[in-house]
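Please read the structure below before turning to the comments.
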Amino acid sequence: MSADAAPLRFSHRELLSALCVVVIWGLNFVAMKIGLRDFTPFQLGAARYLVAAFPLVLLVRRPQVAWKWLLLYGLTQGVGQFGFLFFALQVGMTAGLASVLLQTQVFITAVLGFWLLREQAGRALQIGLLLACLGLMCFGLNYLGPEGDAGHTTFWGFVLNLCAAALWASSNIVIRKAREDSPHLDPLGFVVWSCLVPILPFVALSLAVDPPALRWHWLQAPWEAWLSLAYLAWMASVLGYMLWTRLMQRHAANRVAPFSLGVPVVGLSAGYVLLGEVITAWQWAGIALVVAALACVLGGERWLLWLRRPR
């Protein structure tokens, strides 16, 4: 089904899938914080995709799609997005701000979708993206004040985090192009087989960057670290991206991408409940704007039609 022929409205099952993705990826940052206590960023990346790929790659048939799309998706979504993200967390970026900055992929996806796929943004989507932009600004303002967490971040951490968002947006476009090339693309097989791609690059990065004293430290990791690794591999990578890929197949990239704006809301809430993190006034304002943006994207076209209807 092409982007033009994709249904305007999301089905109830698709909305439930999108909600599951938001919750899974929101908790993803808590799992990353726990895992990075005992794994280096590149060790965690290699282990994440190794566990995600095996043994599923032996049970799931390779999707009927050109290898170039598997390689491009594995490099952009795996090595690119999480390589930059994990490295950003290592050189100076808080997990909370990382989850927010990563959502700039929504705007990058919309730009790339317009430029490469000729996708058009409706009025409701434009309003929703504006509200989301204001929400992200509120999240960012939290780190500019004297009591913010800017002291725990660095300029390069900020830049690398934005690079991670750009690579996520690129992977969204790869999904759409792969779907155009292979109309009957299997989302599960696509995600599982693409998980093979990041393993060796992450291992090479670990050998090149990680201090020799830390190369075998992961063998002493406690059960919490291994549990977080299992969550990152099976829930965030396989299940989350399978559902995300399926949504990208059926709808325009600039209509699916805004759902990820709910991820910081879940991430901040999970940090508050599970890690004892404090939600500031700026963050609450950002949450309200993000929720309003999602409501606008999901139901805005119907509301606009209702407002234009003659009385």
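Identifiers in this document derive from the order of the structure tokens: chains are assigned A, B, ..., residues are numbered from 1 separately in each chain, and ligands are numbered from 1 in order of occurrence.
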Dump as a Markdown table the rows for residues of range 190-268 of chain A within 12 Å of range 125-140 of chain A: closest atom pair and distance in Å with one decimal, only C-alpha atoms counted, ordered by chain and rising residue number.
```
| residue | atom | partner | partner_atom | distance |
| --- | --- | --- | --- | --- |
| A:Ala252 | CA | A:Leu125 | CA | 11.6 |
| A:Ala253 | CA | A:Leu125 | CA | 11.8 |
| A:Asn254 | CA | A:Leu125 | CA | 8.2 |
| A:Arg255 | CA | A:Leu125 | CA | 7.4 |
| A:Val256 | CA | A:Leu125 | CA | 10.6 |
| A:Ala257 | CA | A:Leu129 | CA | 10.3 |
| A:Pro258 | CA | A:Leu129 | CA | 7.6 |
| A:Phe259 | CA | A:Ala132 | CA | 10.7 |
| A:Ser260 | CA | A:Ala132 | CA | 10.7 |
| A:Leu261 | CA | A:Ala132 | CA | 7.3 |
| A:Gly262 | CA | A:Ala132 | CA | 9.9 |
| A:Val263 | CA | A:Leu136 | CA | 11.8 |
| A:Pro264 | CA | A:Phe139 | CA | 9.3 |
| A:Val265 | CA | A:Phe139 | CA | 10.4 |
| A:Leu268 | CA | A:Phe139 | CA | 10.4 |
```
Show me, as number ranges by chain, the residues that have an atom within 10 Å of range 20-34 of chain A when counting only C-alpha atoms, minus same-chain residues fewer than 3 positions from it.
A: 14-17, 37-39, 41, 44, 86, 89, 94-96, 98-99, 224-232, 235-237, 239-244, 259-271, 274-275
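Residue nearest Leu294 in chain A, chosen from A:Trp168, A:Val106, A:Leu196, A:Leu188 and counting only C-alpha atoms: A:Val106.
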Kindly provide the residues of range 190-240 of chain A that approach range 58-81 of chain A to within 12 Å, each paired with its closest atom pair and their distance in Å to one decimal, based on only C-alpha atoms, listed by chain and increasing number, as CSV.
```
residue,atom,partner,partner_atom,distance
A:Phe190,CA,A:Pro63,CA,5.7
A:Val191,CA,A:Leu70,CA,8.3
A:Val192,CA,A:Val60,CA,7.6
A:Trp193,CA,A:Arg62,CA,6.5
A:Ser194,CA,A:Gly74,CA,4.9
A:Cys195,CA,A:Gly74,CA,6.2
A:Leu196,CA,A:Gly74,CA,7.5
A:Val197,CA,A:Gly74,CA,5.1
A:Pro198,CA,A:Val79,CA,5.3
A:Ile199,CA,A:Val79,CA,8.4
A:Leu200,CA,A:Val79,CA,9.7
A:Pro201,CA,A:Val79,CA,7.0
A:Phe202,CA,A:Val79,CA,7.0
A:Val203,CA,A:Val79,CA,10.7
A:Ala204,CA,A:Val79,CA,11.2
A:Leu205,CA,A:Val79,CA,9.9
A:Ala233,CA,A:Gly78,CA,11.4
A:Ala236,CA,A:Gly78,CA,11.8
A:Ser237,CA,A:Gly78,CA,9.2
A:Val238,CA,A:Gly78,CA,11.8
```
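In this model, the gap between CA of Ala221 in chain A and CA of Tyr272 in chain A comes to 24.7 Å.
Among the candidate residues A:Ala110, A:Phe84, A:Trp234, A:Val273, the one lying nearest to Leu50 in chain A is A:Trp234, with distances computed using only C-alpha atoms.
Among the candidates A:Leu162, A:Leu141, A:Ala178, A:Pro183, the one nearest to Thr104 in chain A when counting only C-alpha atoms is A:Leu162.
With CA of Ala165 in chain A on one side and CA of Ile108 in chain A on the other, the separation reads 7.9 Å.
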Going by DSSP on the backbone, which residues of range 17-107 of chain A come out as alpha helix (DSSP H)? List them as a PyMOL selection string.
chain A and resi 17-35+41-53+56-59+67-73+83-92+95-101+105-107
Go ahead and compute the interatomic distance for CA of Gly92 in chain A and CA of Ser171 in chain A, in Å to one decimal.
24.6 Å
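Minimum atom-to-atom distances from A:Ala164, A:Ala52, A:Ala47, A:Cys296 to Gly83 in chain A were compared using only C-alpha atoms, and the lowest value belongs to A:Ala164.
The smallest atom-to-atom distance between Ser182 in chain A and any of A:Ala208, A:Trp282, A:Gln249, A:Gly157, using only C-alpha atoms, is found for A:Gln249.
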